[in-house]
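File shown: final-v3.csv. Contents: CSV, N, CA and C atoms.
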```
chain,number,residue,atom,x,y,z
A,1,MET,N,165.7,141.4,198.3
A,1,MET,CA,165.1,140.1,198.5
A,1,MET,C,163.8,140.0,197.6
A,2,ILE,N,163.0,141.0,197.5
A,2,ILE,CA,161.8,140.9,196.7
A,2,ILE,C,162.1,140.7,195.3
A,3,VAL,N,163.2,141.4,194.8
A,3,VAL,CA,163.6,141.2,193.4
A,3,VAL,C,164.0,139.8,193.1
A,4,LYS,N,164.7,139.2,194.1
A,4,LYS,CA,165.2,137.8,193.9
A,4,LYS,C,164.0,136.8,193.9
A,5,VAL,N,163.0,137.1,194.8
A,5,VAL,CA,161.8,136.2,194.8
A,5,VAL,C,161.0,136.4,193.5
A,6,ALA,N,160.8,137.6,193.0
A,6,ALA,CA,160.1,137.9,191.7
A,6,ALA,C,160.9,137.2,190.6
A,7,SER,N,162.2,137.3,190.6
A,7,SER,CA,163.0,136.6,189.5
A,7,SER,C,162.8,135.1,189.5
A,8,ALA,N,162.8,134.6,190.7
A,8,ALA,CA,162.6,133.1,190.9
A,8,ALA,C,161.2,132.7,190.4
A,9,LEU,N,160.2,133.5,190.7
A,9,LEU,CA,158.8,133.2,190.3
A,9,LEU,C,158.7,133.2,188.8
A,10,VAL,N,159.3,134.2,188.1
A,10,VAL,CA,159.3,134.3,186.7
A,10,VAL,C,160.0,133.0,186.1
A,11,ALA,N,161.1,132.6,186.7
A,11,ALA,CA,161.8,131.4,186.3
A,11,ALA,C,161.0,130.2,186.4
A,12,ALA,N,160.2,130.1,187.5
A,12,ALA,CA,159.3,129.0,187.7
A,12,ALA,C,158.2,128.9,186.6
A,13,VAL,N,157.7,130.1,186.2
A,13,VAL,CA,156.7,130.1,185.2
A,13,VAL,C,157.3,129.7,183.9
A,14,LEU,N,158.5,130.2,183.6
A,14,LEU,CA,159.2,129.9,182.3
A,14,LEU,C,159.5,128.4,182.3
A,15,ALA,N,159.9,127.8,183.5
A,15,ALA,CA,160.2,126.4,183.5
A,15,ALA,C,159.0,125.5,183.2
A,16,ALA,N,157.8,126.1,183.5
A,16,ALA,CA,156.5,125.4,183.3
A,16,ALA,C,156.1,125.4,181.8
A,17,GLY,N,156.9,126.2,181.0
A,17,GLY,CA,156.7,126.2,179.6
A,17,GLY,C,155.7,127.2,179.1
A,18,ILE,N,155.4,128.2,179.9
A,18,ILE,CA,154.4,129.2,179.5
A,18,ILE,C,155.2,130.4,179.0
A,19,THR,N,155.7,130.3,177.8
A,19,THR,CA,156.5,131.4,177.2
A,19,THR,C,156.0,131.6,175.7
A,20,PRO,N,156.2,132.8,175.2
A,20,PRO,CA,155.8,133.0,173.8
A,20,PRO,C,156.5,132.0,172.9
A,21,THR,N,157.8,131.8,173.1
A,21,THR,CA,158.6,130.9,172.3
A,21,THR,C,158.0,129.5,172.3
A,22,ALA,N,157.7,129.0,173.5
A,22,ALA,CA,157.1,127.6,173.7
A,22,ALA,C,155.8,127.6,173.0
A,23,ALA,N,155.0,128.6,173.2
A,23,ALA,CA,153.7,128.6,172.6
A,23,ALA,C,153.8,128.6,171.0
A,24,ALA,N,154.7,129.4,170.5
A,24,ALA,CA,154.9,129.5,169.0
A,24,ALA,C,155.3,128.1,168.5
A,25,SER,N,156.3,127.5,169.2
A,25,SER,CA,156.7,126.2,168.7
A,25,SER,C,155.7,125.1,168.8
A,26,ALA,N,154.8,125.2,169.8
A,26,ALA,CA,153.7,124.3,169.9
A,26,ALA,C,152.7,124.4,168.8
A,27,VAL,N,152.6,125.5,168.2
A,27,VAL,CA,151.6,125.7,167.2
A,27,VAL,C,152.1,125.1,165.8
A,28,ARG,N,153.4,125.1,165.6
A,28,ARG,CA,153.9,124.6,164.3
A,28,ARG,C,153.4,123.1,164.1
A,29,GLY,N,152.7,122.9,163.0
A,29,GLY,CA,152.3,121.5,162.7
A,29,GLY,C,151.1,121.1,163.5
A,30,HIS,N,150.5,122.0,164.2
A,30,HIS,CA,149.3,121.6,165.0
A,30,HIS,C,148.1,122.5,164.6
A,31,ASP,N,146.9,122.0,164.9
A,31,ASP,CA,145.7,122.8,164.7
A,31,ASP,C,145.7,123.9,165.8
A,32,SER,N,145.8,125.2,165.4
A,32,SER,CA,145.9,126.3,166.4
A,32,SER,C,144.5,126.5,167.0
A,33,THR,N,143.5,125.9,166.5
A,33,THR,CA,142.2,126.1,167.1
A,33,THR,C,141.9,125.0,168.2
A,34,ALA,N,142.8,124.0,168.4
A,34,ALA,CA,142.6,123.0,169.3
A,34,ALA,C,142.7,123.6,170.7
A,35,TRP,N,141.8,123.1,171.6
A,35,TRP,CA,141.8,123.6,173.0
A,35,TRP,C,142.5,122.7,173.9
A,36,LEU,N,143.3,123.3,174.8
A,36,LEU,CA,144.0,122.6,175.8
A,36,LEU,C,143.3,122.7,177.1
A,37,PRO,N,143.2,121.7,177.9
A,37,PRO,CA,142.4,121.8,179.2
A,37,PRO,C,143.2,122.6,180.2
A,38,ALA,N,142.4,123.1,181.2
A,38,ALA,CA,143.0,123.8,182.3
A,38,ALA,C,143.8,122.9,183.1
A,39,ARG,N,144.9,123.4,183.8
A,39,ARG,CA,145.7,122.5,184.6
A,39,ARG,C,146.3,123.3,185.7
A,40,ASP,N,146.5,122.6,186.8
A,40,ASP,CA,147.3,123.1,188.0
A,40,ASP,C,148.6,122.4,188.0
A,41,GLU,N,149.7,123.1,188.2
A,41,GLU,CA,151.0,122.5,188.2
A,41,GLU,C,151.7,122.9,189.5
A,42,GLN,N,152.2,122.0,190.3
A,42,GLN,CA,152.9,122.3,191.5
A,42,GLN,C,154.3,122.7,191.1
A,43,VAL,N,154.7,123.9,191.6
A,43,VAL,CA,156.0,124.4,191.2
A,43,VAL,C,156.8,124.7,192.5
A,44,SER,N,158.1,124.8,192.3
A,44,SER,CA,159.0,125.2,193.4
A,44,SER,C,160.1,126.0,192.9
A,45,PHE,N,160.7,126.9,193.7
A,45,PHE,CA,161.9,127.7,193.3
A,45,PHE,C,162.7,128.0,194.6
A,46,VAL,N,164.0,128.2,194.4
A,46,VAL,CA,164.9,128.4,195.5
A,46,VAL,C,165.4,129.9,195.4
A,47,VAL,N,165.3,130.5,196.6
A,47,VAL,CA,165.9,131.9,196.7
A,47,VAL,C,166.8,131.9,197.9
A,48,GLU,N,168.0,132.2,197.8
A,48,GLU,CA,169.0,132.2,198.8
A,48,GLU,C,169.0,130.9,199.7
A,49,GLY,N,168.9,129.8,199.0
A,49,GLY,CA,168.9,128.5,199.7
A,49,GLY,C,167.6,128.0,200.3
A,50,THR,N,166.6,128.8,200.2
A,50,THR,CA,165.3,128.4,200.7
A,50,THR,C,164.3,128.0,199.6
A,51,THR,N,163.7,126.9,199.7
A,51,THR,CA,162.8,126.4,198.7
A,51,THR,C,161.4,126.9,199.0
A,52,THR,N,160.7,127.5,198.0
A,52,THR,CA,159.3,127.9,198.1
A,52,THR,C,158.5,127.1,197.2
A,53,TYR,N,157.3,126.7,197.7
A,53,TYR,CA,156.4,125.9,196.9
A,53,TYR,C,155.1,126.7,196.5
A,54,GLY,N,154.6,126.4,195.3
A,54,GLY,CA,153.4,127.1,194.9
A,54,GLY,C,152.6,126.3,193.9
A,55,THR,N,151.5,126.9,193.4
A,55,THR,CA,150.7,126.4,192.4
A,55,THR,C,150.5,127.3,191.2
A,56,LEU,N,150.9,126.8,190.0
A,56,LEU,CA,150.7,127.6,188.8
A,56,LEU,C,149.4,127.0,188.2
A,57,HIS,N,148.4,127.9,188.0
A,57,HIS,CA,147.1,127.5,187.3
A,57,HIS,C,147.1,128.1,185.9
A,58,VAL,N,146.9,127.3,184.9
A,58,VAL,CA,146.8,127.7,183.6
A,58,VAL,C,145.3,127.4,183.1
A,59,PRO,N,144.5,128.4,182.7
A,59,PRO,CA,143.2,128.1,182.3
A,59,PRO,C,143.1,127.4,181.0
A,60,ALA,N,142.0,126.8,180.6
A,60,ALA,CA,141.8,126.3,179.3
A,60,ALA,C,142.1,127.3,178.2
A,61,ARG,N,142.8,126.9,177.2
A,61,ARG,CA,143.2,127.9,176.2
A,61,ARG,C,143.4,127.2,174.8
A,62,ARG,N,143.4,128.0,173.8
A,62,ARG,CA,143.8,127.4,172.5
A,62,ARG,C,145.3,127.2,172.4
A,63,ARG,N,145.7,126.2,171.7
A,63,ARG,CA,147.1,125.9,171.5
A,63,ARG,C,147.8,127.1,171.0
A,64,GLY,N,148.9,127.5,171.7
A,64,GLY,CA,149.7,128.7,171.3
A,64,GLY,C,149.1,130.0,171.7
A,65,GLU,N,148.0,130.0,172.4
A,65,GLU,CA,147.4,131.3,172.8
A,65,GLU,C,148.1,131.9,174.0
A,66,ARG,N,148.4,133.2,173.9
A,66,ARG,CA,149.0,133.9,175.1
A,66,ARG,C,147.9,134.4,176.0
A,67,LEU,N,148.1,134.2,177.3
A,67,LEU,CA,147.1,134.7,178.2
A,67,LEU,C,147.7,135.7,179.2
A,68,PRO,N,146.9,136.6,179.8
A,68,PRO,CA,147.4,137.4,180.8
A,68,PRO,C,147.7,136.6,182.1
A,69,ALA,N,148.5,137.1,183.0
A,69,ALA,CA,148.9,136.4,184.2
A,69,ALA,C,148.9,137.3,185.4
A,70,ALA,N,148.7,136.7,186.6
A,70,ALA,CA,148.7,137.4,187.8
A,70,ALA,C,149.4,136.6,188.9
A,71,LEU,N,150.2,137.3,189.6
A,71,LEU,CA,150.9,136.8,190.8
A,71,LEU,C,150.1,137.1,192.0
A,72,LEU,N,149.6,136.0,192.7
A,72,LEU,CA,148.7,136.2,193.9
A,72,LEU,C,149.6,136.1,195.1
A,73,LEU,N,149.7,137.2,195.9
A,73,LEU,CA,150.5,137.2,197.1
A,73,LEU,C,149.7,136.9,198.3
A,74,PRO,N,150.3,136.1,199.2
A,74,PRO,CA,149.6,135.8,200.5
A,74,PRO,C,149.6,137.0,201.4
A,75,GLY,N,148.6,137.1,202.2
A,75,GLY,CA,148.5,138.2,203.1
A,75,GLY,C,149.5,138.2,204.3
A,76,SER,N,149.2,139.0,205.3
A,76,SER,CA,150.0,139.1,206.5
A,76,SER,C,149.9,137.8,207.4
A,77,GLY,N,150.9,137.5,208.2
A,77,GLY,CA,150.8,136.4,209.0
A,77,GLY,C,151.2,135.1,208.3
A,78,PRO,N,151.1,134.0,208.9
A,78,PRO,CA,151.5,132.7,208.3
A,78,PRO,C,150.5,132.2,207.4
A,79,THR,N,150.4,132.8,206.2
A,79,THR,CA,149.4,132.5,205.2
A,79,THR,C,149.9,131.5,204.1
A,80,ASP,N,149.2,130.5,203.8
A,80,ASP,CA,149.6,129.6,202.7
A,80,ASP,C,149.1,130.0,201.4
A,81,ARG,N,149.4,129.3,200.3
A,81,ARG,CA,149.1,129.6,199.0
A,81,ARG,C,147.6,129.7,198.7
A,82,ASP,N,146.8,129.1,199.6
A,82,ASP,CA,145.3,129.2,199.4
A,82,ASP,C,144.7,130.3,200.2
A,83,GLY,N,145.5,131.1,200.9
A,83,GLY,CA,144.9,132.2,201.7
A,83,GLY,C,144.5,131.8,203.1
A,84,ASN,N,145.0,130.6,203.6
A,84,ASN,CA,144.6,130.1,204.9
A,84,ASN,C,145.7,130.2,205.9
A,85,GLN,N,145.2,130.3,207.2
A,85,GLN,CA,146.1,130.3,208.4
A,85,GLN,C,145.6,129.2,209.3
A,86,PRO,N,145.8,127.9,208.9
A,86,PRO,CA,145.2,126.8,209.7
A,86,PRO,C,145.8,126.7,211.1
A,87,PRO,N,145.1,126.1,212.0
A,87,PRO,CA,143.8,125.5,211.8
A,87,PRO,C,142.6,126.4,212.0
A,88,SER,N,142.8,127.6,212.5
A,88,SER,CA,141.6,128.4,212.8
A,88,SER,C,141.0,129.2,211.6
A,89,LEU,N,141.8,129.6,210.7
A,89,LEU,CA,141.3,130.4,209.6
A,89,LEU,C,141.6,129.7,208.3
A,90,THR,N,140.5,129.2,207.6
A,90,THR,CA,140.6,128.6,206.4
A,90,THR,C,139.6,129.1,205.3
A,91,PRO,N,139.6,130.4,205.0
A,91,PRO,CA,138.6,130.9,204.1
A,91,PRO,C,138.9,130.6,202.6
A,92,ASN,N,140.2,130.2,202.3
A,92,ASN,CA,140.5,129.9,200.9
A,92,ASN,C,140.4,131.1,200.0
A,93,THR,N,140.7,132.2,200.5
A,93,THR,CA,140.5,133.5,199.7
A,93,THR,C,141.4,133.5,198.4
A,94,ILE,N,142.7,133.1,198.5
A,94,ILE,CA,143.5,133.2,197.4
A,94,ILE,C,143.2,132.1,196.3
A,95,ARG,N,142.8,130.9,196.8
A,95,ARG,CA,142.4,129.8,195.9
A,95,ARG,C,141.1,130.3,195.2
A,96,ASP,N,140.2,130.9,195.9
A,96,ASP,CA,138.9,131.3,195.3
A,96,ASP,C,139.2,132.5,194.3
A,97,LEU,N,140.1,133.3,194.6
A,97,LEU,CA,140.5,134.4,193.6
A,97,LEU,C,141.1,133.8,192.4
A,98,ALA,N,141.9,132.8,192.5
A,98,ALA,CA,142.5,132.1,191.4
A,98,ALA,C,141.4,131.5,190.5
A,99,ALA,N,140.4,130.9,191.1
A,99,ALA,CA,139.3,130.3,190.4
A,99,ALA,C,138.5,131.4,189.7
A,100,ALA,N,138.3,132.5,190.3
A,100,ALA,CA,137.6,133.6,189.6
A,100,ALA,C,138.4,134.2,188.4
A,101,LEU,N,139.7,134.3,188.6
A,101,LEU,CA,140.5,134.7,187.5
A,101,LEU,C,140.5,133.7,186.4
A,102,ASP,N,140.4,132.4,186.7
A,102,ASP,CA,140.3,131.3,185.7
A,102,ASP,C,139.1,131.6,184.8
A,103,ARG,N,138.0,132.0,185.3
A,103,ARG,CA,136.8,132.3,184.5
A,103,ARG,C,137.1,133.4,183.5
A,104,ASP,N,138.1,134.3,183.8
A,104,ASP,CA,138.5,135.4,182.9
A,104,ASP,C,139.7,135.0,182.1
A,105,ARG,N,140.1,133.7,182.2
A,105,ARG,CA,141.2,133.1,181.5
A,105,ARG,C,142.5,133.8,181.8
A,106,VAL,N,142.8,134.0,183.1
A,106,VAL,CA,144.0,134.6,183.6
A,106,VAL,C,144.9,133.5,184.3
A,107,VAL,N,146.1,133.4,183.8
A,107,VAL,CA,147.1,132.4,184.5
A,107,VAL,C,147.4,133.0,185.8
A,108,THR,N,147.4,132.1,186.9
A,108,THR,CA,147.8,132.6,188.2
A,108,THR,C,148.9,131.8,188.8
A,109,LEU,N,149.7,132.4,189.6
A,109,LEU,CA,150.8,131.8,190.4
A,109,LEU,C,150.6,132.2,191.8
A,110,ARG,N,150.4,131.2,192.7
A,110,ARG,CA,150.3,131.5,194.2
A,110,ARG,C,151.3,130.6,194.9
A,111,PHE,N,151.8,131.1,196.1
A,111,PHE,CA,152.8,130.3,196.7
A,111,PHE,C,152.6,130.4,198.2
A,112,ASP,N,153.2,129.4,198.9
A,112,ASP,CA,153.2,129.3,200.4
A,112,ASP,C,154.3,130.3,201.0
A,113,LYS,N,153.9,131.1,202.0
A,113,LYS,CA,154.9,131.8,202.7
A,113,LYS,C,155.8,130.9,203.5
A,114,TYR,N,157.0,131.3,203.8
A,114,TYR,CA,157.9,130.5,204.5
A,114,TYR,C,157.3,130.0,205.9
A,115,GLY,N,157.4,128.8,206.2
A,115,GLY,CA,156.8,128.3,207.4
A,115,GLY,C,155.3,127.9,207.4
A,116,THR,N,154.8,128.0,206.2
A,116,THR,CA,153.3,127.6,206.0
A,116,THR,C,153.2,126.5,204.9
A,117,GLY,N,152.1,125.9,204.7
A,117,GLY,CA,151.8,125.0,203.6
A,117,GLY,C,152.9,123.9,203.5
A,118,GLN,N,153.3,123.7,202.3
A,118,GLN,CA,154.4,122.7,202.1
A,118,GLN,C,155.7,123.3,202.5
```
Whole structure given in structure tokens:
Amino acid sequence: MIVKVASALVAAVLAAGITPTAAASAVRGHDSTAWLPARDEQVSFVVEGTTTYGTLHVPARRRGERLPAALLLPGSGPTDRDGNQPPSLTPNTIRDLAAALDRDRVVTLRFDKYGTGQ
């Protein structure tokens, strides 16, 4: 099951266009020093018939630049992609970690556990 989820996450990132091939083709005919703004993209993927929703965050970067990436996993219990267990616990730990990694220009993917968030 974990392998299927990991494969689906990789597919979601690739579908968002964050690939060396896409980056290389984007550079052709463009100024490679041009900066692209940071962006959050809502993604979803299906594993064994169940849809999972998440957020892919891509920091500001030069066109065609390859960045390191991290998969942020929710903790125990009914934890959403931001690290919350509403209504009582809303510390936003995973969202804040994604923001800290943004400052180091790391792409992050975080997702809702089944039965939480979206």
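Around stretch 44-60 of chain A, within 5 Å and counting only N, CA and C atoms, the residues found are Leu36, Pro37, Ala38, Val107, Thr108, Leu109, Arg110, Phe111 and Asp112 of chain A, once anything fewer than 6 positions away on its own chain is removed.
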Skipping near chain neighbours, those fewer than 2 positions away, what residues fall within 12 Å of A:Leu73 using only C-alpha atoms, listed as a ChimeraX atom specification?
/A:2,5-6,9,54-55,70-71,75-77,79-83,93-95,97-98,108-113
Using only N, CA and C atoms, please write the residues we just selected to a file, as a compact mmCIF listing (two decimals), keeping the file's coordinate frame.
```txt
# COMPACT_ATOMS: atom_id res chain seq x y z
N ILE A 2 163.00 141.00 197.50
CA ILE A 2 161.80 140.90 196.70
C ILE A 2 162.10 140.70 195.30
N VAL A 5 163.00 137.10 194.80
CA VAL A 5 161.80 136.20 194.80
C VAL A 5 161.00 136.40 193.50
N ALA A 6 160.80 137.60 193.00
CA ALA A 6 160.10 137.90 191.70
C ALA A 6 160.90 137.20 190.60
N LEU A 9 160.20 133.50 190.70
CA LEU A 9 158.80 133.20 190.30
C LEU A 9 158.70 133.20 188.80
N GLY A 54 154.60 126.40 195.30
CA GLY A 54 153.40 127.10 194.90
C GLY A 54 152.60 126.30 193.90
N THR A 55 151.50 126.90 193.40
CA THR A 55 150.70 126.40 192.40
C THR A 55 150.50 127.30 191.20
N ALA A 70 148.70 136.70 186.60
CA ALA A 70 148.70 137.40 187.80
C ALA A 70 149.40 136.60 188.90
N LEU A 71 150.20 137.30 189.60
CA LEU A 71 150.90 136.80 190.80
C LEU A 71 150.10 137.10 192.00
N GLY A 75 148.60 137.10 202.20
CA GLY A 75 148.50 138.20 203.10
C GLY A 75 149.50 138.20 204.30
N SER A 76 149.20 139.00 205.30
CA SER A 76 150.00 139.10 206.50
C SER A 76 149.90 137.80 207.40
N GLY A 77 150.90 137.50 208.20
CA GLY A 77 150.80 136.40 209.00
C GLY A 77 151.20 135.10 208.30
N THR A 79 150.40 132.80 206.20
CA THR A 79 149.40 132.50 205.20
C THR A 79 149.90 131.50 204.10
N ASP A 80 149.20 130.50 203.80
CA ASP A 80 149.60 129.60 202.70
C ASP A 80 149.10 130.00 201.40
N ARG A 81 149.40 129.30 200.30
CA ARG A 81 149.10 129.60 199.00
C ARG A 81 147.60 129.70 198.70
N ASP A 82 146.80 129.10 199.60
CA ASP A 82 145.30 129.20 199.40
C ASP A 82 144.70 130.30 200.20
N GLY A 83 145.50 131.10 200.90
CA GLY A 83 144.90 132.20 201.70
C GLY A 83 144.50 131.80 203.10
N THR A 93 140.70 132.20 200.50
CA THR A 93 140.50 133.50 199.70
C THR A 93 141.40 133.50 198.40
N ILE A 94 142.70 133.10 198.50
CA ILE A 94 143.50 133.20 197.40
C ILE A 94 143.20 132.10 196.30
N ARG A 95 142.80 130.90 196.80
CA ARG A 95 142.40 129.80 195.90
C ARG A 95 141.10 130.30 195.20
N LEU A 97 140.10 133.30 194.60
CA LEU A 97 140.50 134.40 193.60
C LEU A 97 141.10 133.80 192.40
N ALA A 98 141.90 132.80 192.50
CA ALA A 98 142.50 132.10 191.40
C ALA A 98 141.40 131.50 190.50
N THR A 108 147.40 132.10 186.90
CA THR A 108 147.80 132.60 188.20
C THR A 108 148.90 131.80 188.80
N LEU A 109 149.70 132.40 189.60
CA LEU A 109 150.80 131.80 190.40
C LEU A 109 150.60 132.20 191.80
N ARG A 110 150.40 131.20 192.70
CA ARG A 110 150.30 131.50 194.20
C ARG A 110 151.30 130.60 194.90
N PHE A 111 151.80 131.10 196.10
CA PHE A 111 152.80 130.30 196.70
C PHE A 111 152.60 130.40 198.20
N ASP A 112 153.20 129.40 198.90
CA ASP A 112 153.20 129.30 200.40
C ASP A 112 154.30 130.30 201.00
N LYS A 113 153.90 131.10 202.00
CA LYS A 113 154.90 131.80 202.70
C LYS A 113 155.80 130.90 203.50
```
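Interatomic distance, atom C of A:Gly115 to atom CA of A:Pro78: 6.2 Å.
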Hey, what's within 8 Å of A:Thr33 if we count only N, CA and C atoms and toss same-chain stuff fewer than 4 positions away? As a PyMOL selection string, please?
chain A and resi 61-64
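Going from atom CA of A:Asn84 to atom N of A:Gly117 covers 8.6 Å.
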Quick check, in Å to one decimal: how far apart do atom CA of A:Arg39 and atom N of A:Ala100 lie?
13.7 Å
Please produce stretch 92-101 of chain A, completed to all heavy atoms, as a PDB file, keeping the file's coordinate frame.
```
ATOM      1  N   ASN A  92     140.200 130.200 202.300  1.00  0.00           N
ATOM      2  CA  ASN A  92     140.500 129.900 200.900  1.00  0.00           C
ATOM      3  C   ASN A  92     140.400 131.100 200.000  1.00  0.00           C
ATOM      4  O   ASN A  92     140.075 130.924 198.790  1.00  0.00           O
ATOM      5  CB  ASN A  92     139.710 128.689 200.331  1.00  0.00           C
ATOM      6  CG  ASN A  92     140.023 127.396 201.023  1.00  0.00           C
ATOM      7  OD1 ASN A  92     141.186 127.042 201.193  1.00  0.00           O
ATOM      8  ND2 ASN A  92     138.990 126.698 201.478  1.00  0.00           N
ATOM      9  N   THR A  93     140.700 132.200 200.500  1.00  0.00           N
ATOM     10  CA  THR A  93     140.500 133.500 199.700  1.00  0.00           C
ATOM     11  C   THR A  93     141.400 133.500 198.400  1.00  0.00           C
ATOM     12  O   THR A  93     140.931 133.909 197.362  1.00  0.00           O
ATOM     13  CB  THR A  93     140.818 134.721 200.533  1.00  0.00           C
ATOM     14  OG1 THR A  93     142.094 134.594 201.144  1.00  0.00           O
ATOM     15  CG2 THR A  93     139.758 134.910 201.594  1.00  0.00           C
ATOM     16  N   ILE A  94     142.700 133.100 198.500  1.00  0.00           N
ATOM     17  CA  ILE A  94     143.500 133.200 197.400  1.00  0.00           C
ATOM     18  C   ILE A  94     143.200 132.100 196.300  1.00  0.00           C
ATOM     19  O   ILE A  94     143.174 132.322 195.140  1.00  0.00           O
ATOM     20  CB  ILE A  94     145.028 133.107 197.760  1.00  0.00           C
ATOM     21  CG1 ILE A  94     145.383 134.307 198.647  1.00  0.00           C
ATOM     22  CG2 ILE A  94     145.932 133.092 196.539  1.00  0.00           C
ATOM     23  CD1 ILE A  94     146.788 134.282 199.207  1.00  0.00           C
ATOM     24  N   ARG A  95     142.800 130.900 196.800  1.00  0.00           N
ATOM     25  CA  ARG A  95     142.400 129.800 195.900  1.00  0.00           C
ATOM     26  C   ARG A  95     141.100 130.300 195.200  1.00  0.00           C
ATOM     27  O   ARG A  95     140.988 130.054 193.987  1.00  0.00           O
ATOM     28  CB  ARG A  95     142.130 128.559 196.733  1.00  0.00           C
ATOM     29  CG  ARG A  95     141.832 127.373 195.806  1.00  0.00           C
ATOM     30  CD  ARG A  95     141.283 126.205 196.559  1.00  0.00           C
ATOM     31  NE  ARG A  95     139.952 126.591 197.066  1.00  0.00           N
ATOM     32  CZ  ARG A  95     139.254 125.901 197.947  1.00  0.00           C
ATOM     33  NH1 ARG A  95     139.762 124.811 198.470  1.00  0.00           N
ATOM     34  NH2 ARG A  95     138.064 126.284 198.329  1.00  0.00           N
ATOM     35  N   ASP A  96     140.200 130.900 195.900  1.00  0.00           N
ATOM     36  CA  ASP A  96     138.900 131.300 195.300  1.00  0.00           C
ATOM     37  C   ASP A  96     139.200 132.500 194.300  1.00  0.00           C
ATOM     38  O   ASP A  96     138.546 132.523 193.227  1.00  0.00           O
ATOM     39  CB  ASP A  96     137.928 131.778 196.337  1.00  0.00           C
ATOM     40  CG  ASP A  96     137.430 130.621 197.193  1.00  0.00           C
ATOM     41  OD1 ASP A  96     137.666 129.447 196.822  1.00  0.00           O
ATOM     42  OD2 ASP A  96     136.817 130.890 198.242  1.00  0.00           O
ATOM     43  N   LEU A  97     140.100 133.300 194.600  1.00  0.00           N
ATOM     44  CA  LEU A  97     140.500 134.400 193.600  1.00  0.00           C
ATOM     45  C   LEU A  97     141.100 133.800 192.400  1.00  0.00           C
ATOM     46  O   LEU A  97     140.772 134.221 191.257  1.00  0.00           O
ATOM     47  CB  LEU A  97     141.486 135.378 194.286  1.00  0.00           C
ATOM     48  CG  LEU A  97     142.009 136.499 193.385  1.00  0.00           C
ATOM     49  CD1 LEU A  97     140.872 137.335 192.820  1.00  0.00           C
ATOM     50  CD2 LEU A  97     142.993 137.370 194.153  1.00  0.00           C
ATOM     51  N   ALA A  98     141.900 132.800 192.500  1.00  0.00           N
ATOM     52  CA  ALA A  98     142.500 132.100 191.400  1.00  0.00           C
ATOM     53  C   ALA A  98     141.400 131.500 190.500  1.00  0.00           C
ATOM     54  O   ALA A  98     141.442 131.542 189.268  1.00  0.00           O
ATOM     55  CB  ALA A  98     143.505 131.029 191.784  1.00  0.00           C
ATOM     56  N   ALA A  99     140.400 130.900 191.100  1.00  0.00           N
ATOM     57  CA  ALA A  99     139.300 130.300 190.400  1.00  0.00           C
ATOM     58  C   ALA A  99     138.500 131.400 189.700  1.00  0.00           C
ATOM     59  O   ALA A  99     138.047 131.181 188.537  1.00  0.00           O
ATOM     60  CB  ALA A  99     138.348 129.555 191.376  1.00  0.00           C
ATOM     61  N   ALA A 100     138.300 132.500 190.300  1.00  0.00           N
ATOM     62  CA  ALA A 100     137.600 133.600 189.600  1.00  0.00           C
ATOM     63  C   ALA A 100     138.400 134.200 188.400  1.00  0.00           C
ATOM     64  O   ALA A 100     137.789 134.432 187.382  1.00  0.00           O
ATOM     65  CB  ALA A 100     137.296 134.778 190.626  1.00  0.00           C
ATOM     66  N   LEU A 101     139.700 134.300 188.600  1.00  0.00           N
ATOM     67  CA  LEU A 101     140.500 134.700 187.500  1.00  0.00           C
ATOM     68  C   LEU A 101     140.500 133.700 186.400  1.00  0.00           C
ATOM     69  O   LEU A 101     140.672 134.025 185.193  1.00  0.00           O
ATOM     70  CB  LEU A 101     141.917 135.030 187.982  1.00  0.00           C
ATOM     71  CG  LEU A 101     142.003 136.301 188.830  1.00  0.00           C
ATOM     72  CD1 LEU A 101     143.374 136.403 189.504  1.00  0.00           C
ATOM     73  CD2 LEU A 101     141.716 137.535 188.001  1.00  0.00           C
TER      74      LEU A 101
END
```
